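Here's target-v1.tsv, which has TSV, C-alpha atoms and all ligand atoms:
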chain	number	residue	atom	x	y	z
A	242	MET	CA	81.42	129.62	162.16
A	243	LYS	CA	84.63	127.90	161.35
A	244	SER	CA	86.78	129.70	158.81
A	245	ARG	CA	89.81	128.67	156.78
A	246	GLY	CA	91.84	131.35	158.55
A	247	LYS	CA	90.86	129.98	161.85
A	248	ARG	CA	92.05	126.40	161.05
A	249	ILE	CA	95.42	127.66	159.82
A	250	GLY	CA	95.56	129.69	162.84
A	251	GLY	CA	94.98	126.47	164.84
A	252	LEU	CA	97.74	124.59	163.05
A	253	ASN	CA	100.00	127.57	163.51
A	254	SER	CA	99.55	127.37	167.13
A	255	LYS	CA	100.42	123.62	167.26
A	256	LEU	CA	103.47	123.41	164.87
A	257	GLY	CA	104.75	126.90	164.80
A	258	LEU	CA	105.47	129.02	161.68
A	259	PRO	CA	109.08	127.94	161.01
A	260	THR	CA	108.07	124.25	160.98
A	261	ILE	CA	105.25	124.92	158.49
A	262	PHE	CA	107.61	126.91	156.32
A	263	ILE	CA	110.17	124.08	156.29
A	264	LEU	CA	107.46	121.50	155.52
A	265	CYS	CA	106.18	123.59	152.59
A	266	LEU	CA	109.71	123.96	151.27
A	267	LEU	CA	110.28	120.20	151.51
A	268	PHE	CA	107.02	119.43	149.63
A	269	PHE	CA	107.96	121.93	146.95
A	270	LEU	CA	111.45	120.47	146.47
A	271	ALA	CA	110.13	116.90	146.44
A	272	GLY	CA	107.60	117.83	143.74
A	273	LEU	CA	110.26	119.50	141.65
A	274	PHE	CA	112.64	116.53	141.93
A	275	GLY	CA	109.88	114.01	141.13
A	276	SER	CA	108.71	115.81	138.03
A	277	ASN	CA	112.29	116.01	136.75
A	278	LEU	CA	112.75	112.30	137.25
A	279	LEU	CA	109.54	111.50	135.38
A	280	SER	CA	110.42	113.69	132.43
A	281	GLN	CA	113.90	112.12	132.17
A	282	ASP	CA	112.42	108.61	132.15
A	283	GLY	CA	110.06	109.52	129.32
A	284	SER	CA	112.69	111.07	127.09
A	285	SER	CA	115.06	108.09	127.40
A	286	ASP	CA	112.39	105.89	125.77
A	287	ARG	CA	111.91	108.22	122.82
A	288	SER	CA	113.65	107.38	119.53
A	289	PRO	CA	115.64	110.20	117.92
A	290	PRO	CA	113.54	112.50	115.75
A	291	ARG	CA	113.35	111.42	112.09
A	292	LEU	CA	113.59	113.93	109.28
A	293	LEU	CA	111.25	112.05	106.97
A	294	GLU	CA	108.54	109.95	108.51
A	295	SER	CA	107.81	106.89	106.42
A	296	VAL	CA	104.12	107.28	105.91
A	297	GLU	CA	102.07	105.12	103.61
A	298	GLU	CA	99.19	106.92	101.94
A	299	GLU	CA	95.87	105.29	101.15
A	300	ASP	CA	96.87	104.70	97.53
A	301	GLY	CA	100.04	102.93	98.70
A	302	SER	CA	102.33	105.85	97.87
A	303	MET	CA	105.14	106.71	100.26
A	304	SER	CA	106.47	109.96	101.58
A	305	HIS	CA	109.03	111.18	99.10
A	306	GLY	CA	112.27	113.07	98.97
A	307	GLU	CA	112.62	116.63	97.80
A	308	THR	CA	113.05	115.62	94.17
A	309	GLY	CA	110.44	112.85	94.29
A	310	GLU	CA	106.79	112.78	93.31
A	311	PRO	CA	103.71	112.64	95.55
A	312	GLY	CA	101.82	109.81	93.89
A	313	ILE	CA	102.28	106.48	92.19
A	314	ALA	CA	102.97	106.78	88.48
A	315	SER	CA	101.52	104.34	86.04
A	316	ILE	CA	103.52	104.04	82.83
A	317	PRO	CA	102.69	100.59	81.47
A	318	PHE	CA	105.35	98.77	79.48
A	319	GLN	CA	106.10	95.39	77.99
A	320	VAL	CA	109.56	93.85	77.95
A	321	LEU	CA	110.08	92.98	74.29
A	322	SER	CA	113.53	91.54	74.71
A	323	TRP	CA	116.46	91.17	77.09
A	324	LYS	CA	118.92	90.84	74.22
A	325	PRO	CA	118.88	93.73	73.49
A	326	ARG	CA	117.11	95.24	76.49
A	327	ALA	CA	114.02	96.65	74.79
A	328	LEU	CA	110.78	97.91	76.29
A	329	HIS	CA	107.55	98.89	74.60
A	330	PHE	CA	105.30	101.60	76.11
A	331	PRO	CA	101.76	101.50	74.69
A	332	ASN	CA	100.01	104.89	74.53
A	333	PHE	CA	103.01	106.73	75.90
A	334	ALA	CA	101.87	109.98	74.24
A	335	THR	CA	98.40	111.21	73.37
A	336	PRO	CA	97.24	111.52	69.73
A	337	GLU	CA	97.17	115.31	70.24
A	338	GLN	CA	100.78	115.36	71.37
A	339	CYS	CA	101.77	113.31	68.31
A	340	GLU	CA	99.88	115.66	65.99
A	341	ASN	CA	101.50	118.73	67.58
A	342	ILE	CA	104.98	117.31	67.04
A	343	ILE	CA	104.26	116.42	63.40
A	344	GLN	CA	102.84	119.89	62.74
A	345	MET	CA	105.92	121.55	64.23
A	346	ALA	CA	108.35	119.42	62.25
A	347	LYS	CA	106.54	119.33	58.90
A	348	SER	CA	107.94	122.56	57.46
A	349	LYS	CA	111.51	121.90	58.65
A	350	LEU	CA	112.28	118.52	57.12
A	351	LYS	CA	115.61	117.94	55.40
A	352	PRO	CA	117.18	114.71	54.12
A	353	SER	CA	118.36	112.73	57.16
A	354	SER	CA	122.09	112.59	57.64
A	355	LEU	CA	124.44	109.95	58.99
A	356	ALA	CA	127.44	109.96	61.30
A	357	LEU	CA	130.22	108.85	58.98
A	358	ARG	CA	132.79	106.20	59.82
A	359	LYS	CA	136.42	106.74	58.90
A	360	GLY	CA	136.68	106.61	55.10
A	361	GLU	CA	132.93	106.98	54.46
A	362	THR	CA	131.41	109.87	52.49
A	363	ALA	CA	127.86	111.10	51.93
A	364	GLU	CA	128.08	109.49	48.48
A	365	SER	CA	129.29	106.10	49.71
A	366	THR	CA	126.53	105.94	52.33
A	367	LYS	CA	123.70	107.01	50.03
A	368	GLY	CA	120.62	104.83	50.43
A	369	ILE	CA	121.36	103.79	54.03
A	370	ARG	CA	119.07	106.37	55.61
A	371	THR	CA	116.51	107.76	53.20
A	372	SER	CA	114.04	109.49	55.51
A	373	THR	CA	113.70	113.24	55.98
A	374	GLY	CA	113.86	114.81	59.42
A	375	THR	CA	114.69	117.66	61.71
A	376	PHE	CA	116.14	118.18	65.17
A	377	MET	CA	113.96	120.00	67.71
A	378	SER	CA	114.59	120.67	71.36
A	379	ALA	CA	111.90	121.17	73.99
A	380	SER	CA	112.94	124.80	74.41
A	381	GLU	CA	112.02	125.51	70.78
A	382	ASP	CA	108.49	124.20	71.23
A	383	THR	CA	106.12	126.88	72.47
A	384	THR	CA	103.25	124.39	72.82
A	385	GLY	CA	105.11	122.58	75.63
A	386	THR	CA	104.49	119.18	74.02
A	387	LEU	CA	108.14	118.21	73.65
A	388	GLU	CA	108.76	119.19	77.24
A	389	GLU	CA	105.88	116.98	78.43
A	390	VAL	CA	107.14	114.04	76.39
A	391	GLU	CA	110.74	114.62	77.47
A	392	GLN	CA	109.71	114.70	81.11
A	393	LYS	CA	107.83	111.45	80.73
A	394	ILE	CA	110.81	109.81	79.01
A	395	ALA	CA	113.02	110.92	81.90
A	396	ARG	CA	110.57	109.43	84.43
A	397	ALA	CA	110.25	106.17	82.50
A	398	THR	CA	114.00	105.73	82.00
A	399	MET	CA	115.28	107.54	85.13
A	400	PHE	CA	117.86	109.20	82.89
A	401	PRO	CA	117.81	112.95	83.60
A	402	ARG	CA	116.54	115.17	80.80
A	403	SER	CA	119.95	116.85	80.64
A	404	HIS	CA	121.43	113.65	79.14
A	405	GLY	CA	119.13	113.65	76.12
A	406	GLU	CA	119.93	114.97	72.66
A	407	ALA	CA	117.34	117.13	70.91
A	408	PHE	CA	114.46	115.11	69.40
A	409	ASN	CA	115.16	113.87	65.89
A	410	ILE	CA	111.76	113.92	64.22
A	411	LEU	CA	111.66	111.70	61.15
A	412	ARG	CA	109.28	111.10	58.31
A	413	TYR	CA	109.50	107.98	56.13
A	414	GLU	CA	107.54	107.92	52.91
A	415	ILE	CA	106.90	104.82	50.83
A	416	GLY	CA	110.15	102.94	50.18
A	417	GLN	CA	112.16	104.97	52.71
A	418	ARG	CA	114.13	103.12	55.34
A	419	TYR	CA	117.09	103.09	57.68
A	420	VAL	CA	119.46	100.16	57.09
A	421	SER	CA	120.51	98.25	60.23
A	422	HIS	CA	123.04	100.14	62.34
A	423	TYR	CA	124.12	100.87	65.90
A	424	ASP	CA	123.24	104.08	67.70
A	425	ALA	CA	126.33	103.81	69.92
A	426	PHE	CA	129.62	104.89	68.35
A	427	ASN	CA	132.36	102.28	68.25
A	428	PRO	CA	135.58	104.32	68.77
A	429	ALA	CA	137.45	101.89	66.52
A	430	GLU	CA	135.18	102.98	63.65
A	431	TYR	CA	134.22	106.53	64.56
A	432	GLY	CA	137.26	107.70	66.53
A	433	THR	CA	137.39	108.84	70.14
A	434	GLN	CA	134.06	110.16	71.37
A	435	LYS	CA	133.38	112.87	73.95
A	436	SER	CA	130.31	110.96	75.08
A	437	GLN	CA	128.48	107.81	74.18
A	438	ARG	CA	124.84	107.01	73.43
A	439	ILE	CA	123.46	104.71	76.11
A	440	ALA	CA	119.88	104.27	75.02
A	441	SER	CA	117.34	105.34	72.41
A	442	PHE	CA	113.71	106.22	72.97
A	443	LEU	CA	111.49	106.19	69.88
A	444	LEU	CA	108.06	107.77	70.02
A	445	TYR	CA	105.91	106.67	67.11
A	446	LEU	CA	103.86	109.64	65.94
A	447	SER	CA	101.75	107.82	63.37
A	448	ASP	CA	100.34	104.44	62.50
A	449	VAL	CA	101.78	102.85	59.37
A	450	GLU	CA	99.52	100.79	57.15
A	451	GLU	CA	102.26	98.41	56.07
A	452	GLY	CA	105.98	98.16	56.68
A	453	GLY	CA	108.02	100.72	58.61
A	454	GLU	CA	108.70	98.41	61.54
A	455	THR	CA	111.70	99.00	63.76
A	456	MET	CA	113.69	95.78	63.44
A	457	PHE	CA	116.29	94.11	65.62
A	458	PRO	CA	117.93	91.47	63.37
A	459	TYR	CA	120.26	90.15	66.10
A	460	GLU	CA	117.64	89.79	68.82
A	461	ASN	CA	118.73	87.02	71.21
A	462	GLY	CA	121.81	86.41	69.06
A	463	SER	CA	119.87	85.21	66.03
A	464	ASN	CA	121.39	85.93	62.59
A	465	MET	CA	124.70	86.88	64.18
A	466	GLY	CA	127.78	85.55	62.43
A	467	THR	CA	125.74	84.43	59.41
A	468	GLY	CA	126.81	87.19	57.03
A	469	TYR	CA	123.58	89.09	57.64
A	470	ASP	CA	122.75	91.52	54.84
A	471	TYR	CA	122.17	94.81	56.71
A	472	GLU	CA	119.45	95.82	54.27
A	473	LYS	CA	117.26	92.85	55.14
A	474	CYS	CA	114.26	93.41	57.33
A	475	ILE	CA	114.36	90.44	59.69
A	476	GLY	CA	114.41	89.54	63.38
A	477	LEU	CA	112.25	91.15	66.05
A	478	LYS	CA	109.99	93.72	64.40
A	479	VAL	CA	108.12	96.45	66.28
A	480	LYS	CA	105.11	97.80	64.47
A	481	PRO	CA	104.75	101.58	64.75
A	482	ARG	CA	101.54	102.63	66.48
A	483	LYS	CA	100.69	106.27	67.00
A	484	GLY	CA	101.60	107.30	70.56
A	485	ASP	CA	103.56	104.15	71.45
A	486	GLY	CA	107.12	104.34	72.73
A	487	LEU	CA	110.08	102.01	72.28
A	488	LEU	CA	113.13	102.12	74.53
A	489	PHE	CA	116.25	100.07	73.96
A	490	TYR	CA	119.73	100.12	75.40
A	491	SER	CA	122.79	100.21	73.16
A	492	LEU	CA	125.29	99.50	75.92
A	493	TYR	CA	125.74	96.74	78.44
A	494	LEU	CA	126.04	97.77	82.08
A	495	ASN	CA	129.84	97.68	81.73
A	496	GLY	CA	129.68	100.38	79.04
A	497	THR	CA	130.53	98.20	76.05
A	498	ILE	CA	128.31	98.06	72.99
A	499	ASP	CA	125.56	95.44	73.02
A	500	LYS	CA	125.89	93.85	69.58
A	501	THR	CA	122.27	92.70	69.72
A	502	SER	CA	121.14	96.36	69.73
A	503	LEU	CA	121.67	96.47	65.94
A	504	HIS	CA	118.45	97.91	64.56
A	505	GLY	CA	116.93	99.69	61.60
A	506	SER	CA	113.71	100.82	60.03
A	507	CYS	CA	112.10	98.52	57.48
A	508	PRO	CA	110.93	100.32	54.33
A	509	VAL	CA	107.44	101.76	54.46
A	510	ILE	CA	105.25	99.79	52.08
A	511	LYS	CA	101.92	101.57	52.53
A	512	GLY	CA	101.19	104.84	54.34
A	513	GLU	CA	103.67	107.11	56.03
A	514	LYS	CA	105.78	106.76	59.17
A	515	TRP	CA	106.52	109.54	61.63
A	516	VAL	CA	108.76	108.94	64.61
A	517	ALA	CA	110.56	111.12	67.18
A	518	THR	CA	113.85	109.70	68.39
A	519	LYS	CA	115.58	110.76	71.58
A	520	TRP	CA	119.12	109.51	72.05
A	521	ILE	CA	120.29	109.44	75.63
A	522	ARG	CA	123.98	109.84	76.43
A	523	ASP	CA	126.31	109.06	79.29
A	524	GLN	CA	127.29	112.74	79.61
A	525	GLU	CA	125.15	115.82	80.09
A	526	GLN	CA	124.34	117.53	76.82
A	527	ASP	CA	124.79	121.23	76.17
A	528	ASP	CA	121.50	123.07	76.41
A	529	ASP	CA	120.16	122.33	72.95
B	601	LIG	O1	112.72	104.72	62.59
B	601	LIG	C1	113.00	103.74	63.26
B	601	LIG	O2	112.18	102.86	63.52
B	601	LIG	C2	114.39	103.56	63.73
B	601	LIG	C3	115.10	104.87	63.83
B	601	LIG	C4	116.51	104.68	64.14
B	601	LIG	O3	117.05	103.63	64.05
B	601	LIG	C5	117.31	105.78	64.61
B	601	LIG	O4	116.82	106.91	64.51
B	601	LIG	O5	118.45	105.54	65.04
Will you turn the file into structure tokens for me?
Ligand SMILES: O=C(O)CCC(=O)C(=O)O
Amino acid sequence: MKSRGKRIGGLNSKLGLPTIFILCLLFFLAGLFGSNLLSQDGSSDRSPPRLLESVEEEDGSMSHGETGEPGIASIPFQVLSWKPRALHFPNFATPEQCENIIQMAKSKLKPSSLALRKGETAESTKGIRTSTGTFMSASEDTTGTLEEVEQKIARATMFPRSHGEAFNILRYEIGQRYVSHYDAFNPAEYGTQKSQRIASFLLYLSDVEEGGETMFPYENGSNMGTGYDYEKCIGLKVKPRKGDGLLFYSLYLNGTIDKTSLHGSCPVIKGEKWVATKWIRDQEQDDD
């Protein structure tokens, strides 16, 4: 019976042990060299490792950065005007969120005040802003509603929450109004400012039966230079609808005041108007 040992033994006898040893060594070294070559070839084709793979999910969303969001947001809006830049967000907040905000503000209302220009007094500006209101920050709201709304405003505008003033929650009863004005402060009229208002986001908290529209009398340059009476309710009018949002920019991209951002609140004729205003500034705001 032939055995493996016997065959080796046979080979041994023909080639001799040193020759077999050298052959084995040569095969081993050739194998080692070949495998090295192959692995080097493969790695030279590989692209450098990427930190974030660009992966498209089934819903079309992309991989996101550390501060990004996993899915695609849907915050519908309508461009109401380019002059001024004004956007309308239907159903931005839920009816429950609106109710919560009204309930929180109701017991804290005081007559609304005005930033006074040089030479103006509370007496000389009487009648310009006749609503009542209160300031509330998200940190004061234990229900979390203001925080939810604030977060959504930040996502819709891409202005960080830290740039927003506290919410100014306003109530207009019949006949109450806010005469046309600018939200941005003209240093020539108000003196040097530490920071400037860039944009305003209004969240309507109630429907209004009649009147109470937010108006833009100079929309697209109309009524400008015609001696417009600031008390008149004309131009582009936005009807308050519970839960809807309105965003407009007070400044051009170069930081100067957009004159077409003049706006005001028409008097309420029937019903009651509730609105929460968030002014957004070019500087971070102290924790309010
Ligand atoms: O109540 C509105 O519709 C406008 C409010 C407003 O102009 C403001 O708060 O600056």
Can you build me a table of chain A residues sitting at most 7 Å from ligand LIG 601 (chain B), with the closest atom pair per residue and its distance in Å to one decimal, using only C-alpha atoms and all ligand atoms, sorted by chain and residue number, as a tab-separated table?
residue	atom	partner	partner_atom	distance
A:Tyr419	CA	B:LIG601	O3	6.4
A:Asp424	CA	B:LIG601	O5	5.7
A:Gly453	CA	B:LIG601	O2	6.8
A:Glu454	CA	B:LIG601	O2	6.0
A:Thr455	CA	B:LIG601	O2	3.9
A:His504	CA	B:LIG601	O3	5.9
A:Gly505	CA	B:LIG601	O3	4.6
A:Ser506	CA	B:LIG601	O2	4.3
A:Val516	CA	B:LIG601	O1	6.1
A:Thr518	CA	B:LIG601	O4	5.6
Those residues with C-alpha atoms, as a PDB file, in the frame of the given file please?
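The result, stored in again16.pdb:
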ATOM      1  CA  TYR A 419     117.090 103.090  57.680  1.00  0.00           C
ATOM      2  CA  ASP A 424     123.240 104.080  67.700  1.00  0.00           C
ATOM      3  CA  GLY A 453     108.020 100.720  58.610  1.00  0.00           C
ATOM      4  CA  GLU A 454     108.700  98.410  61.540  1.00  0.00           C
ATOM      5  CA  THR A 455     111.700  99.000  63.760  1.00  0.00           C
ATOM      6  CA  HIS A 504     118.450  97.910  64.560  1.00  0.00           C
ATOM      7  CA  GLY A 505     116.930  99.690  61.600  1.00  0.00           C
ATOM      8  CA  SER A 506     113.710 100.820  60.030  1.00  0.00           C
ATOM      9  CA  VAL A 516     108.760 108.940  64.610  1.00  0.00           C
ATOM     10  CA  THR A 518     113.850 109.700  68.390  1.00  0.00           C
TER      11      THR A 518
END
TODO: Kindly give the distance, in Å, that separates atom CA of A:Glu430 and atom CA of A:Leu357, rounded to a single decimal.
DONE: 9.0 Å
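Between atom CA of A:Lys478 and atom CA of A:Arg396 there is a distance of 25.5 Å.
Around stretch 343-346 of chain A, within 10 Å and counting all atoms listed in the file, the residues found are A:Glu337, A:Gln338, A:Gly374, A:Thr375, A:Phe376, A:Met377, A:Glu381, A:Asp382, A:Thr383, A:Thr384, A:Asn409, A:Ile410, A:Leu411, A:Arg412, A:Leu446, A:Ser447, A:Trp515, A:Val516, A:Ala517, once anything fewer than 5 positions away on its own chain is removed.
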Could you take the residues named above and write them with C-alpha atoms, as a PDB file, in the coordinates of the input?
ATOM      1  CA  GLU A 337      97.170 115.310  70.240  1.00  0.00           C
ATOM      2  CA  GLN A 338     100.780 115.360  71.370  1.00  0.00           C
ATOM      3  CA  GLY A 374     113.860 114.810  59.420  1.00  0.00           C
ATOM      4  CA  THR A 375     114.690 117.660  61.710  1.00  0.00           C
ATOM      5  CA  PHE A 376     116.140 118.180  65.170  1.00  0.00           C
ATOM      6  CA  MET A 377     113.960 120.000  67.710  1.00  0.00           C
ATOM      7  CA  GLU A 381     112.020 125.510  70.780  1.00  0.00           C
ATOM      8  CA  ASP A 382     108.490 124.200  71.230  1.00  0.00           C
ATOM      9  CA  THR A 383     106.120 126.880  72.470  1.00  0.00           C
ATOM     10  CA  THR A 384     103.250 124.390  72.820  1.00  0.00           C
ATOM     11  CA  ASN A 409     115.160 113.870  65.890  1.00  0.00           C
ATOM     12  CA  ILE A 410     111.760 113.920  64.220  1.00  0.00           C
ATOM     13  CA  LEU A 411     111.660 111.700  61.150  1.00  0.00           C
ATOM     14  CA  ARG A 412     109.280 111.100  58.310  1.00  0.00           C
ATOM     15  CA  LEU A 446     103.860 109.640  65.940  1.00  0.00           C
ATOM     16  CA  SER A 447     101.750 107.820  63.370  1.00  0.00           C
ATOM     17  CA  TRP A 515     106.520 109.540  61.630  1.00  0.00           C
ATOM     18  CA  VAL A 516     108.760 108.940  64.610  1.00  0.00           C
ATOM     19  CA  ALA A 517     110.560 111.120  67.180  1.00  0.00           C
TER      20      ALA A 517
END
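A straight line drawn from atom CA of A:Asp527 to atom CA of A:Ala440 is 17.7 Å long.
Proximity to A:Ala395 was assessed for A:Lys324, A:Gly462, A:Ser372, A:Phe442 counting only C-alpha atoms; the smallest distance is recorded for A:Phe442.
In this comparison, which uses all atoms listed in the file, the residue of A:Trp520, A:Gly486, A:Glu361, A:Phe457 approaching A:Leu443 most closely is A:Gly486.
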Open item on the list: Let me make sure I understand: among A:Asp499, A:Tyr459, A:Gly405, A:Cys507, which one has the smallest atom-to-atom distance to A:Ile369 if we use all atoms listed in the file?
Closed with: A:Cys507
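With only C-alpha atoms as the atoms that count, the residue of A:Tyr445, A:Gly476, A:Lys514, A:Ile439 with the shortest distance to A:Ser491 is A:Ile439.
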Open item on the list: With distances taken over all atoms listed in the file, which residue among A:Ser463, A:Gly301, A:Leu487, A:Ala363 lies nearest A:Ile313?
Closed with: A:Gly301
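For the choices A:Ile510, A:Ile394, A:Val479, A:Ala429, the atom-to-atom distance to A:Met456 is smallest for A:Val479 when using only C-alpha atoms.
When the distance limit is 8 Å and all atoms listed in the file are what count, the residues near A:Glu450, minus those fewer than 3 positions from it on the same chain, are Ile510, Lys511, Gly512 and Glu513 of chain A.
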- [ ] Take the point (103.1, 104.2, 66.7) in the file's coordinates, draw a sphere of radius 7 Å around it, and report as a PyMOL selection string every protein, DNA or RNA residue with an atom inside or on it, counting only C-alpha atoms.
- [x] chain A and resi 444-448+481-485
